[in-house]
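Quick look at query36.txt (compact mmCIF, C-alpha atoms):
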```txt
# COMPACT_ATOMS: atom_id res chain seq x y z
CA MET A 1 95.78 131.29 65.82
CA PHE A 2 97.97 129.27 68.19
CA GLU A 3 100.72 129.14 65.55
CA ALA A 4 100.67 132.93 65.13
CA CYS A 5 100.79 133.48 68.90
CA GLY A 6 103.65 131.01 69.27
CA ARG A 7 105.60 132.56 66.41
CA HIS A 8 105.22 136.15 67.64
CA ARG A 9 105.32 135.30 71.36
CA SER A 10 102.60 137.92 71.61
CA PHE A 11 98.79 137.85 71.50
CA ALA A 12 98.73 141.48 70.34
CA LYS A 13 101.05 140.88 67.37
CA ALA A 14 99.14 137.72 66.43
CA ALA A 15 95.90 139.71 66.54
CA LEU A 16 97.39 142.36 64.27
CA GLU A 17 98.46 139.71 61.75
CA LEU A 18 95.07 137.98 61.85
CA ALA A 19 93.10 141.25 61.76
CA ILE A 20 91.12 140.53 64.93
CA THR A 21 91.18 141.93 68.46
CA PRO A 22 93.70 140.80 71.09
CA GLY A 23 90.76 139.87 73.30
CA ALA A 24 89.44 137.49 70.67
CA VAL A 25 92.86 135.88 70.37
CA SER A 26 93.16 135.49 74.15
CA GLN A 27 89.70 133.92 74.34
CA GLN A 28 90.45 131.44 71.54
CA ILE A 29 93.75 130.41 73.12
CA LYS A 30 91.98 129.96 76.46
CA SER A 31 89.39 127.75 74.75
CA LEU A 32 92.15 125.70 73.10
CA GLU A 33 93.94 125.23 76.43
CA GLU A 34 90.66 124.11 78.06
CA GLU A 35 90.00 121.66 75.23
CA LEU A 36 93.51 120.20 75.45
CA GLY A 37 93.65 120.32 79.24
CA ILE A 38 97.12 121.86 79.02
CA GLU A 39 98.51 125.32 79.66
CA LEU A 40 100.20 126.40 76.39
CA PHE A 41 101.32 129.92 77.32
CA ARG A 42 102.54 131.73 80.40
CA ARG A 43 101.10 135.24 80.48
CA LYS A 44 103.74 137.87 81.28
CA ALA A 45 103.73 141.65 81.63
CA ARG A 46 105.19 141.95 78.14
CA GLY A 47 103.92 139.30 75.78
CA VAL A 48 103.69 135.60 76.48
CA GLU A 49 106.03 132.63 76.45
CA LEU A 50 105.34 129.02 75.53
CA THR A 51 105.32 126.40 78.26
CA ALA A 52 107.36 123.23 77.68
CA GLU A 53 104.19 121.48 76.46
CA GLY A 54 103.31 124.49 74.33
CA GLU A 55 106.77 124.52 72.74
CA ARG A 56 106.46 120.85 71.75
CA TYR A 57 102.98 121.47 70.36
CA PHE A 58 104.18 124.54 68.46
CA ILE A 59 107.00 122.56 66.79
CA ASP A 60 104.50 119.91 65.63
CA VAL A 61 102.02 122.50 64.40
CA ARG A 62 104.78 124.34 62.50
CA ARG A 63 105.92 121.06 60.96
CA SER A 64 102.36 120.39 59.81
CA PHE A 65 102.13 123.86 58.26
CA ASP A 66 105.46 123.28 56.51
CA LEU A 67 104.18 120.01 55.06
CA LEU A 68 101.13 121.82 53.72
CA GLY A 69 103.38 124.53 52.29
CA ASP A 70 105.64 121.96 50.64
CA ALA A 71 102.66 120.22 49.08
CA THR A 72 101.36 123.51 47.72
CA ARG A 73 104.73 124.47 46.28
CA ARG A 74 105.10 121.08 44.60
CA ILE A 75 101.73 121.49 42.92
CA MET A 76 102.69 124.98 41.76
CA ARG A 77 106.10 123.81 40.54
CA ALA A 78 104.41 121.16 38.42
CA GLU A 79 102.93 124.04 36.47
CA SER A 80 106.08 126.22 36.58
CA PRO A 81 109.04 123.90 37.27
CA SER A 82 111.59 126.61 36.41
CA GLU A 83 110.16 129.34 38.64
CA ILE A 84 111.89 130.02 41.98
CA THR A 85 111.41 132.51 44.79
CA ILE A 86 114.37 133.32 47.06
CA SER A 87 114.11 135.37 50.27
CA ILE A 88 117.12 137.41 51.29
CA GLU A 89 117.96 140.34 53.55
CA SER A 90 117.69 143.53 51.48
CA SER A 91 121.25 144.73 52.22
CA LEU A 92 122.74 141.41 51.13
CA ALA A 93 120.55 141.37 48.03
CA GLN A 94 121.66 144.87 47.04
CA ASN A 95 125.38 144.53 47.72
CA TRP A 96 126.13 140.85 47.17
CA LEU A 97 123.44 139.00 45.20
CA ILE A 98 122.34 141.53 42.56
CA PRO A 99 125.85 142.33 41.21
CA ARG A 100 126.32 138.58 40.61
CA LEU A 101 122.87 137.72 39.22
CA PRO A 102 123.66 138.51 35.54
CA ASP A 103 126.06 135.56 35.58
CA PHE A 104 123.29 133.28 36.85
CA PHE A 105 120.91 134.31 34.06
CA ARG A 106 123.61 133.92 31.43
CA ARG A 107 123.97 130.32 32.57
CA HIS A 108 120.27 129.62 33.16
CA PRO A 109 118.15 131.87 30.93
CA GLN A 110 115.19 129.49 31.23
CA ILE A 111 114.79 130.02 34.98
CA VAL A 112 112.42 132.68 36.30
CA LEU A 113 113.78 133.97 39.61
CA HIS A 114 111.77 136.06 42.06
CA VAL A 115 113.89 137.88 44.65
CA ALA A 116 112.02 138.75 47.85
CA ALA A 117 114.33 141.24 49.59
CA ARG A 118 112.86 141.45 53.06
CA PRO A 119 113.73 140.71 56.69
CA LEU A 120 113.71 137.06 57.66
CA PRO A 121 112.00 136.62 61.04
CA ARG A 122 112.35 133.42 63.02
CA ASN A 123 110.62 130.39 61.42
CA GLU A 124 109.46 132.50 58.49
CA ALA A 125 112.48 132.28 56.19
CA THR A 126 110.80 130.04 53.61
CA ARG A 127 107.10 130.44 54.31
CA PHE A 128 106.59 132.35 51.08
CA SER A 129 109.66 131.20 49.15
CA ASP A 130 111.46 128.09 47.94
CA ILE A 131 114.75 128.96 49.58
CA ALA A 132 116.24 131.73 51.71
CA ILE A 133 119.64 133.13 52.58
CA ALA A 134 119.65 133.86 56.30
CA TYR A 135 122.31 135.45 58.49
CA GLY A 136 123.11 133.99 61.85
CA TRP A 137 122.16 131.21 64.21
CA ARG A 138 118.41 131.22 64.74
CA SER A 139 115.74 128.71 65.62
CA TYR A 140 114.33 127.63 62.28
CA VAL A 141 111.90 125.05 63.63
CA GLY A 142 111.22 122.23 61.19
CA LEU A 143 113.39 123.74 58.44
CA LYS A 144 116.65 122.55 56.91
CA VAL A 145 119.84 124.60 56.87
CA VAL A 146 123.21 124.42 55.13
CA GLU A 147 126.09 126.81 55.82
CA LEU A 148 126.72 128.95 52.73
CA MET A 149 129.51 131.40 53.54
CA THR A 150 131.35 133.29 56.26
CA GLU A 151 132.54 136.87 56.40
CA GLN A 152 134.55 139.37 58.42
CA ILE A 153 133.70 142.58 60.27
CA LEU A 154 135.83 145.67 59.57
CA PRO A 155 135.63 149.45 60.09
CA VAL A 156 134.86 151.39 56.89
CA CYS A 157 134.60 155.08 56.04
CA SER A 158 134.70 157.36 53.02
CA PRO A 159 138.02 158.43 51.48
CA GLU A 160 137.01 162.05 52.16
CA LEU A 161 136.57 161.43 55.88
CA LEU A 162 139.92 159.66 56.09
CA ALA A 163 141.60 162.61 54.35
CA ARG A 164 139.88 165.05 56.71
CA VAL A 165 140.61 163.20 59.95
CA GLY A 166 144.02 161.86 58.98
CA PRO A 167 145.38 158.34 58.57
CA PHE A 168 144.78 155.72 61.21
CA ASP A 169 147.39 156.07 63.95
CA GLY A 170 146.15 153.84 66.75
CA PRO A 171 143.14 153.60 69.09
CA GLY A 172 143.02 157.36 69.66
CA TRP A 173 141.96 157.76 66.02
CA PHE A 174 138.48 156.49 66.94
CA ARG A 175 138.03 159.43 69.32
CA ARG A 176 138.20 161.81 66.36
CA VAL A 177 135.41 160.23 64.32
CA VAL A 178 131.66 159.68 64.58
CA LEU A 179 130.84 156.04 65.22
CA ILE A 180 127.94 154.61 63.18
CA HIS A 181 126.00 151.95 65.06
CA ASP A 182 124.21 149.15 63.19
CA HIS A 183 121.25 147.75 65.14
CA THR A 184 120.08 145.41 62.37
CA PHE A 185 121.12 142.27 64.23
CA GLY A 186 122.33 143.66 67.53
CA SER A 187 119.48 142.24 69.59
CA HIS A 188 120.20 138.76 68.23
CA GLY A 189 123.92 138.82 69.06
CA LEU A 190 124.75 138.32 65.39
CA MET A 191 126.61 141.58 64.84
CA PRO A 192 129.23 142.96 67.25
CA ASP A 193 128.76 146.47 68.55
CA TRP A 194 131.63 148.95 68.58
CA GLN A 195 132.64 148.14 72.13
CA GLY A 196 132.80 144.43 71.37
CA TRP A 197 134.77 144.90 68.16
CA LEU A 198 137.27 147.30 69.74
CA GLU A 199 137.84 144.95 72.66
CA THR A 200 138.40 142.06 70.24
CA VAL A 201 141.27 143.92 68.57
CA GLY A 202 142.70 144.93 71.96
CA TYR A 203 141.48 148.54 72.17
CA LEU A 204 140.00 149.02 75.63
CA ASP A 205 138.40 151.94 77.46
CA LEU A 206 137.35 153.86 74.35
CA PRO A 207 134.02 155.74 74.49
CA THR A 208 131.52 154.06 72.16
CA GLU A 209 128.13 155.33 73.31
CA SER A 210 128.01 158.46 71.15
CA GLY A 211 127.43 158.63 67.42
CA VAL A 212 124.48 157.84 65.17
CA SER A 213 122.56 154.57 64.86
CA PHE A 214 120.48 152.94 62.14
CA ALA A 215 118.34 149.80 62.06
CA SER A 216 119.56 149.01 58.56
CA SER A 217 122.99 147.90 57.33
CA ALA A 218 122.38 149.63 54.01
CA LEU A 219 121.69 152.96 55.74
CA CYS A 220 124.81 152.59 57.88
CA LEU A 221 126.97 152.06 54.79
CA ALA A 222 125.26 154.87 52.89
CA PHE A 223 125.92 157.28 55.76
CA ALA A 224 129.54 156.14 55.94
CA ALA A 225 129.96 156.59 52.17
CA ALA A 226 128.54 160.11 52.54
CA GLY A 227 131.34 160.96 54.96
CA GLY A 228 129.18 160.87 58.08
CA GLY A 229 131.39 158.61 60.17
CA VAL A 230 132.89 155.15 60.53
CA ALA A 231 130.74 152.01 60.35
CA LEU A 232 131.39 148.39 61.19
CA GLY A 233 130.91 146.74 57.82
CA ARG A 234 130.21 143.13 56.96
CA SER A 235 132.74 142.14 54.30
CA ARG A 236 130.13 140.59 51.98
CA LEU A 237 128.23 143.90 51.96
CA VAL A 238 131.14 146.35 51.69
CA GLU A 239 133.10 144.40 49.06
CA PRO A 240 131.61 146.29 46.05
CA LEU A 241 131.80 149.66 47.83
CA LEU A 242 135.48 149.10 48.59
CA ALA A 243 136.14 148.05 44.99
CA GLU A 244 134.41 151.20 43.69
CA GLY A 245 136.36 153.43 46.08
CA LYS A 246 133.23 154.69 47.82
CA LEU A 247 134.52 153.22 51.09
CA VAL A 248 137.97 152.44 52.45
CA SER A 249 139.25 150.31 55.32
CA PRO A 250 141.13 152.86 57.45
CA THR A 251 142.58 150.40 59.98
CA GLY A 252 143.31 147.42 57.75
CA MET A 253 141.98 145.24 60.58
CA ALA A 254 139.11 142.75 60.43
CA THR A 255 137.64 140.18 62.80
CA PRO A 256 135.60 137.04 62.03
CA SER A 257 131.84 137.50 61.98
CA PRO A 258 130.03 135.88 64.93
CA SER A 259 127.97 133.81 62.52
CA PRO A 260 127.89 132.63 58.91
CA TYR A 261 125.16 132.86 56.28
CA PHE A 262 122.91 129.85 55.71
CA LEU A 263 120.73 128.50 52.96
CA VAL A 264 117.39 127.68 54.55
CA GLY A 265 114.71 125.50 53.01
CA SER A 266 111.75 123.40 54.08
CA GLY A 267 111.81 119.67 53.53
CA VAL A 268 114.43 118.61 51.01
CA LEU A 269 116.51 121.68 50.27
CA VAL A 270 116.91 121.05 46.53
CA ASP A 271 113.97 119.15 45.05
CA THR A 272 113.77 120.55 41.50
CA PRO A 273 116.41 121.04 38.79
CA ALA A 274 115.88 124.81 38.92
CA VAL A 275 116.44 125.05 42.70
CA ARG A 276 119.38 122.65 42.39
CA ALA A 277 120.95 124.93 39.76
CA LEU A 278 120.42 128.00 41.94
CA VAL A 279 121.94 126.30 45.01
CA LYS A 280 125.00 125.18 43.04
CA TRP A 281 125.45 128.68 41.64
CA LEU A 282 125.08 130.32 45.07
CA PHE A 283 127.88 128.20 46.48
CA GLU A 284 130.08 129.07 43.50
CA ALA A 285 129.30 132.78 43.94
CA ALA A 286 130.16 132.50 47.63
CA GLY A 287 133.45 130.76 46.83
CA SER A 288 132.35 127.75 48.88
CA ALA A 289 132.28 124.06 48.05
CA VAL A 290 128.83 122.54 47.67
CA PRO A 291 128.38 120.30 50.74
CA ALA A 292 127.02 116.78 50.29
CA GLU A 293 123.89 117.58 52.29
CA ALA A 294 122.92 120.26 49.74
CA GLY A 295 122.35 117.56 47.17
CA ALA A 296 119.63 115.83 49.15
CA ALA A 297 118.19 116.48 52.57
CA SER A 298 120.17 118.91 54.66
CA THR A 299 120.93 119.03 58.35
CA GLU A 300 118.10 119.71 60.75
CA ALA A 301 117.94 123.32 61.91
CA SER A 302 117.54 122.09 65.46
CA ARG A 303 120.97 120.46 65.28
CA GLU A 304 122.44 123.75 64.08
CA SER A 305 120.78 125.55 66.95
CA ASP A 306 122.19 122.99 69.41
CA ARG A 307 125.65 123.51 67.96
CA ALA A 308 125.26 127.29 68.35
CA ARG A 309 124.22 126.97 71.97
CA ARG A 310 127.19 124.69 72.71
```

Using structure tokens, write down the structure from this file.
Amino acid sequence: MFEACGRHRSFAKAALELAITPGAVSQQIKSLEEELGIELFRRKARGVELTAEGERYFIDVRRSFDLLGDATRRIMRAESPSEITISIESSLAQNWLIPRLPDFFRRHPQIVLHVAARPLPRNEATRFSDIAIAYGWRSYVGLKVVELMTEQILPVCSPELLARVGPFDGPGWFRRVVLIHDHTFGSHGLMPDWQGWLETVGYLDLPTESGVSFASSALCLAFAAAGGGVALGRSRLVEPLLAEGKLVSPTGMATPSPSPYFLVGSGVLVDTPAVRALVKWLFEAAGSAVPAEAGAASTEASRESDRARR
């Protein structure tokens, strides 16, 4: 119960996950704090936050859960050593991973791969999988991470919209189009908003508040492909749509993404031949060299988080 509260930073969300009342959660946490003689949470108007002692305790508890998870997966792999589950953001799975997967199965027909296309909340990237592809700097407590690939951010729209509005002719062009806002990662600072992107390329004082917004990168790109407006696309996601002619890059300008993609795993990142084969293939598909740490234990996620903060 403490782990769920610490992960959600909310008694109410922990109660929902555990199918009990928030009052029961609060009472159990109070009992735990009395037993330990330590305040674990600070109660706030909206949710709770871990105290310094609570944060240290949470990291140790999570590490213990990860050890249990690793032990369970090892037992299961002994029965199915060529069966792997990978977690990945649905938009990346649809636009980047799936078009490349036939090549993986041609090379490794003996491997059974389960693709879990779902959001990857903090500390949960590999709870139900062997490995995950995660976007952006996050706090993956007790997990291991290796940088997989980078990308760029660029405006994209349909060829029909470009023909209707006219070719790009400078910053004023953006006043003639509907801006599509992607809130998938906005709250985490992992995806620039329109104002940030325009300022990066030197276009200041343009109105960016209007338009339409989606909490899904896939929906943003689908709306752009339908001629609804101009979206900020992540190059790894728009690559196939650009190749098919469903989207075009009207400005020809792109900026580096604020963060790369990572492979995330618990314990040793590649501890079976099947996972090792998948990791090697993922780096090849990304056009990246396989780093030395991907062959054994990888860098601690906490070090990556420290680097991000610096």

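Compared by their closest atoms to Glu199 (chain A), and using all atoms listed in the file, the residues A:Ser216, A:Thr150, A:Thr255, A:Thr85 rank with A:Thr255 nearest.
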
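Across A:Ser10, A:Leu68, A:Gly172, A:Leu143, the tightest approach to Phe41 (chain A) is made by A:Ser10 when counting only C-alpha atoms.
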
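Across the model, the gap from CA of Gly136 (chain A) to CA of Pro258 (chain A) is 7.8 Å.
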
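The interatomic distance for the pair CA of Ala224 (chain A) and CA of Pro192 (chain A) works out to 17.4 Å.
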
Compute the distance from (129.6, 155.7, 74.7) to each atom, counting all atoms listed in the file, keep the residues with any atom at most 12 Å away, and return them as a ChimeraX atom specification; use the coordinates of the file.
/A:174-175,178-181,193-195,205-212

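Distance-wise, CA of Ala226 (chain A) and CA of Pro256 (chain A) end up 25.9 Å apart.
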
Residue among A:Ile29, A:Val177, A:Ala225, A:Leu198 lying closest to Gly245 (chain A), counting only C-alpha atoms
A:Ala225

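If all atoms listed in the file are the atoms counted, then among A:Val264, A:Val165, A:Gly6, A:Leu18 the closest residue to Arg56 (chain A) is A:Gly6.
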
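With all atoms listed in the file as the atoms that count, the minimum distance from Leu162 (chain A) to the choices A:Ile133, A:Lys246, A:Leu232, A:Gly202 is reached by A:Lys246.
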
Report as an NGL selection string all protein, DNA and RNA residues lying within 8 Å of Ser235 (chain A), evaluated on all atoms listed in the file, omitting residues in the same chain fewer than 5 positions from it.
:A and (151-154)

Would you save the residues from that selection as a short mmCIF file (atom, residue, chain, number, x, y, z; two decimals), in the coordinates of the input, using C-alpha atoms?
```cif
data_model
loop_
_atom_site.label_atom_id
_atom_site.label_comp_id
_atom_site.auth_asym_id
_atom_site.auth_seq_id
_atom_site.Cartn_x
_atom_site.Cartn_y
_atom_site.Cartn_z
CA GLU A 151 132.54 136.87 56.40
CA GLN A 152 134.55 139.37 58.42
CA ILE A 153 133.70 142.58 60.27
CA LEU A 154 135.83 145.67 59.57
#
```

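Minimum distance to Met253 (chain A) across A:Ser217, A:Thr272, A:Gln28, A:Thr200 (counting all atoms listed in the file) occurs at A:Thr200.
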